[in-house]
Amino acid sequence: MKLNFSNEKDFLIMSISGEIDHRYAIQIRNEADRKIVTYPDKKLIVDLTDVTFMDSSAIGVIIGRYKLVMSLGGSIAIVSSNDTLARILDMSGIRKIIPIYPTLADAIR
Amino acid sequence: MTKHNCIKTSFSAIPENESLARVICASFISVLDPTIEQLTDVKTAVSEAVTNSIVHGYSGSSDGTVYMDCTIDGETLTVEVRDSGKGIEDITKAMEPMYTSCPEAERSGMGFTVMETFMDSVTVSSVLGVGTKVTMKKIIRSKLL
């Protein structure tokens, strides 16, 4: 798993690549929260474009970041067009609370 | 086509072995020529079961051992994940969607729901202080058929 943070417009973009399971969810949570609390605009985009596998640990960490940014008056969006991830994103019901865009450009627009 | 095959594995209850368990099971079922979706389903269910043993069964202690046995009988894959951890007090409650005994750890409470959704059947047996066994079955029909 690799984690990268970047800024575009007023968005904080957290790009994750590789596999997200319980082991890496802890690392993502810790690094994300450090960035979020210091970033002026609490507008987070979680880019899953290069994620090859995720289990419910990833859902837990995304919902945790959703709760954090919303409590700070911010917003969150997900980028994913991966069929492999679609099933677990769909069954989790996460689409009902977090918008999912097919590309990063769509999320920033 | 393989009619019957089985492997028996055991590994330390540490998070690093969650991906190992997925790879072992995915490699084992490759002879059934699964689709990408079937492969992802099995890997995800295995990941959930092994993570449960590590996080809940052993409460994160690295001293425990997780056992994963995989069996192929015709087109049916059976994966049994066992631990000798603390056991589950109320299996029905544990299997409720969104229930987690570790909300502070941001567990989504979806582990058993994922297993039940991605596999054809899931059965759980547990004895407090003795351990937990999760048995999952899935029919893998070759994509070539």
# chains A, B, ... in the order shown; residues from 1 in each chain; ligands from 1
>>> select_by_dssp(residues="segment 12-101 of chain A", states="helix (DSSP H, G or I)", output="PyMOL selection string")
chain A and resi 22-38+56-71+83-92+94-96
>>> write_last_selection(atoms="C-alpha atoms", output="CSV table (one decimal), in the first residue's frame")
chain,number,residue,atom,x,y,z
A,22,HIS,CA,-6.8,-4.1,8.4
A,23,ARG,CA,-3.0,-3.7,8.5
A,24,TYR,CA,-2.9,-0.7,6.2
A,25,ALA,CA,-6.2,0.8,7.4
A,26,ILE,CA,-4.4,1.8,10.6
A,27,GLN,CA,-1.6,3.5,8.7
A,28,ILE,CA,-4.0,5.3,6.5
A,29,ARG,CA,-6.1,6.5,9.4
A,30,ASN,CA,-3.1,7.9,11.3
A,31,GLU,CA,-1.5,9.6,8.3
A,32,ALA,CA,-4.8,11.0,7.0
A,33,ASP,CA,-5.8,12.5,10.3
A,34,ARG,CA,-2.5,14.3,10.7
A,35,LYS,CA,-3.0,15.9,7.3
A,36,ILE,CA,-6.7,16.6,7.7
A,37,VAL,CA,-6.4,18.5,11.0
A,38,THR,CA,-3.7,20.8,9.6
A,56,SER,CA,-14.3,-3.9,5.1
A,57,SER,CA,-11.3,-2.4,6.9
A,58,ALA,CA,-11.1,0.1,4.1
A,59,ILE,CA,-14.8,0.9,4.5
A,60,GLY,CA,-14.2,1.5,8.2
A,61,VAL,CA,-11.3,3.9,7.6
A,62,ILE,CA,-13.3,5.9,4.9
A,63,ILE,CA,-16.3,6.2,7.2
A,64,GLY,CA,-14.0,7.3,10.0
A,65,ARG,CA,-12.6,10.0,7.8
A,66,TYR,CA,-16.1,11.0,6.7
A,67,LYS,CA,-17.1,11.5,10.4
A,68,LEU,CA,-13.9,13.5,11.0
A,69,VAL,CA,-14.2,15.9,8.1
A,70,MET,CA,-18.0,16.4,8.6
A,71,SER,CA,-17.4,17.2,12.3
A,83,ASP,CA,-15.3,-2.9,-10.9
A,84,THR,CA,-13.3,-4.9,-8.4
A,85,LEU,CA,-14.1,-2.4,-5.7
A,86,ALA,CA,-17.6,-1.6,-6.8
A,87,ARG,CA,-19.2,-4.6,-5.1
A,88,ILE,CA,-17.9,-3.8,-1.6
A,89,LEU,CA,-18.6,-0.1,-2.0
A,90,ASP,CA,-22.1,-1.0,-3.1
A,91,MET,CA,-22.9,-3.4,-0.4
A,92,SER,CA,-21.5,-1.1,2.3
A,94,ILE,CA,-21.3,4.1,1.5
A,95,ARG,CA,-22.7,5.6,-1.7
A,96,LYS,CA,-25.6,6.9,0.3
>>> residues_around(residues="Ser75 of chain A", least_positions_apart="2", cutoff="9 Å", atoms="only C-alpha atoms", output="PyMOL selection string")
chain A and resi 42-45+66+69-70+72-73+77+98
>>> closest_atom_pairs(of="chain B", to="chain A", cutoff="9 Å", atoms="only C-alpha atoms", output="tab-separated table")
residue	atom	partner	partner_atom	distance
B:Ile14	CA	A:Arg23	CA	8.7
B:Pro15	CA	A:Arg23	CA	5.1
B:Glu16	CA	A:Arg23	CA	6.7
B:Glu18	CA	A:Asp21	CA	7.7
B:Ser19	CA	A:Asp21	CA	7.9
B:Ile36	CA	A:Thr84	CA	8.0
B:Glu37	CA	A:Thr84	CA	6.8
B:Thr40	CA	A:Thr84	CA	7.0
B:Lys43	CA	A:Phe53	CA	8.7
B:Thr44	CA	A:Asp55	CA	5.6
B:Ala45	CA	A:Asp55	CA	8.1
B:Ser47	CA	A:Asp55	CA	6.9
B:Glu48	CA	A:Asp55	CA	6.9
B:Thr51	CA	A:His22	CA	6.8
B:Val55	CA	A:His22	CA	8.8
B:Ala105	CA	A:Ile26	CA	8.7
B:Glu106	CA	A:Gly60	CA	5.4
B:Arg107	CA	A:Gly60	CA	5.3
B:Ser108	CA	A:Gly60	CA	4.3
B:Gly109	CA	A:Ser56	CA	8.0
B:Met110	CA	A:Ser56	CA	6.1
B:Gly111	CA	A:Ser56	CA	6.3
B:Thr113	CA	A:Met91	CA	8.9
B:Val114	CA	A:Ser56	CA	7.4
B:Thr117	CA	A:Met91	CA	8.3
>>> write_last_selection(atoms="C-alpha atoms", output="PDB file, in the first residue's frame")
ATOM      1  CA  ILE B  14      -0.400 -10.823  12.918  1.00  0.00           C
ATOM      2  CA  PRO B  15      -1.800  -8.314  10.392  1.00  0.00           C
ATOM      3  CA  GLU B  16       1.027  -9.025   7.931  1.00  0.00           C
ATOM      4  CA  GLU B  18      -3.846 -11.221   6.230  1.00  0.00           C
ATOM      5  CA  SER B  19      -2.451 -10.683   2.736  1.00  0.00           C
ATOM      6  CA  ILE B  36     -11.743 -12.105 -11.490  1.00  0.00           C
ATOM      7  CA  GLU B  37     -14.969 -11.481  -9.603  1.00  0.00           C
ATOM      8  CA  THR B  40     -11.968 -11.157  -5.494  1.00  0.00           C
ATOM      9  CA  LYS B  43      -9.982 -13.101  -1.254  1.00  0.00           C
ATOM     10  CA  THR B  44     -12.270 -10.579   0.426  1.00  0.00           C
ATOM     11  CA  ALA B  45     -14.101 -13.207   2.479  1.00  0.00           C
ATOM     12  CA  SER B  47      -9.464 -11.387   4.513  1.00  0.00           C
ATOM     13  CA  GLU B  48     -12.499 -10.735   6.706  1.00  0.00           C
ATOM     14  CA  THR B  51      -8.835 -10.312  10.297  1.00  0.00           C
ATOM     15  CA  VAL B  55      -8.504  -8.487  15.832  1.00  0.00           C
ATOM     16  CA  ALA B 105     -10.897   0.874  16.348  1.00  0.00           C
ATOM     17  CA  GLU B 106     -13.130   2.005  13.476  1.00  0.00           C
ATOM     18  CA  ARG B 107     -14.098  -1.530  12.569  1.00  0.00           C
ATOM     19  CA  SER B 108     -16.980  -1.241  10.132  1.00  0.00           C
ATOM     20  CA  GLY B 109     -18.893  -4.170  11.613  1.00  0.00           C
ATOM     21  CA  MET B 110     -19.338  -5.595   8.132  1.00  0.00           C
ATOM     22  CA  GLY B 111     -17.011  -8.575   8.277  1.00  0.00           C
ATOM     23  CA  THR B 113     -21.933  -9.472   6.102  1.00  0.00           C
ATOM     24  CA  VAL B 114     -19.130  -9.386   3.524  1.00  0.00           C
ATOM     25  CA  THR B 117     -22.487 -11.715   0.541  1.00  0.00           C
TER      26      THR B 117
END
>>> residues_around(residues="Met14 of chain A", least_positions_apart="4", cutoff="9 Å", atoms="only C-alpha atoms", output="list in words")
Leu3, Asn4, Phe5, Ser6, Asn7, Ala32, Leu44, Ile45, Val46, Asp47 and Leu48 of chain A
>>> write_last_selection(atoms="C-alpha atoms", output="short mmCIF file (atom, residue, chain, number, x, y, z; two decimals), in the first residue's frame")
data_model
loop_
_atom_site.label_atom_id
_atom_site.label_comp_id
_atom_site.auth_asym_id
_atom_site.auth_seq_id
_atom_site.Cartn_x
_atom_site.Cartn_y
_atom_site.Cartn_z
CA LEU A 3 -0.31 6.66 0.34
CA ASN A 4 0.20 10.04 -1.27
CA PHE A 5 -1.24 13.44 -0.42
CA SER A 6 -1.56 16.35 -2.83
CA ASN A 7 -3.52 19.57 -3.15
CA ALA A 32 -4.81 10.98 6.99
CA LEU A 44 -11.05 15.58 1.32
CA ILE A 45 -10.97 13.42 -1.81
CA VAL A 46 -10.11 9.75 -1.32
CA ASP A 47 -8.72 8.55 -4.64
CA LEU A 48 -9.02 4.75 -4.92
#
>>> closest_residue(among="A:Asp50, A:Ile16, A:Ile76, A:Lys2", to="Ala107 of chain A", atoms="only C-alpha atoms")
A:Ile76
>>> residues_around(residues="Ser53 of chain B", least_positions_apart="2", cutoff="8 Å", atoms="only C-alpha atoms", output="list in words")
Ala13, Ala49, Val50, Thr51, Val55, His56, Gly57, Tyr58, Val66, Arg82, Asp83, Gly85 and Thr132 of chain B
>>> select_by_dssp(residues="chain A", states="strand (DSSP E or B)", output="ChimeraX atom specification")
/A:2-8,11-20,43-54,75-79,100-101
>>> write_last_selection(atoms="C-alpha atoms", output="compact mmCIF listing (two decimals), in the first residue's frame")
# COMPACT_ATOMS: atom_id res chain seq x y z
CA LYS A 2 1.23 3.45 -0.86
CA LEU A 3 -0.31 6.66 0.34
CA ASN A 4 0.20 10.04 -1.27
CA PHE A 5 -1.24 13.44 -0.42
CA SER A 6 -1.56 16.35 -2.83
CA ASN A 7 -3.52 19.57 -3.15
CA GLU A 8 -5.60 20.80 -6.04
CA PHE A 11 -9.07 19.94 -2.05
CA LEU A 12 -6.82 17.66 -0.05
CA ILE A 13 -6.39 14.57 -2.21
CA MET A 14 -5.45 11.30 -0.54
CA SER A 15 -4.38 8.87 -3.26
CA ILE A 16 -4.05 5.24 -2.22
CA SER A 17 -2.51 2.48 -4.32
CA GLY A 18 -2.20 -1.26 -3.74
CA GLU A 19 -4.20 -3.23 -1.18
CA ILE A 20 -6.17 -1.88 1.78
CA LYS A 43 -12.41 19.09 1.66
CA LEU A 44 -11.05 15.58 1.32
CA ILE A 45 -10.97 13.42 -1.81
CA VAL A 46 -10.11 9.75 -1.32
CA ASP A 47 -8.72 8.55 -4.64
CA LEU A 48 -9.02 4.75 -4.92
CA THR A 49 -8.16 4.62 -8.63
CA ASP A 50 -5.03 2.54 -8.07
CA VAL A 51 -6.38 0.33 -5.28
CA THR A 52 -6.23 -3.34 -6.30
CA PHE A 53 -8.00 -4.84 -3.30
CA MET A 54 -9.95 -3.69 -0.27
CA SER A 75 -16.68 17.42 2.90
CA ILE A 76 -15.48 14.13 1.45
CA ALA A 77 -15.68 12.39 -1.92
CA ILE A 78 -14.39 9.11 -3.31
CA VAL A 79 -12.85 8.47 -6.72
CA ILE A 100 -18.32 8.52 -5.72
CA TYR A 101 -16.86 9.93 -8.93
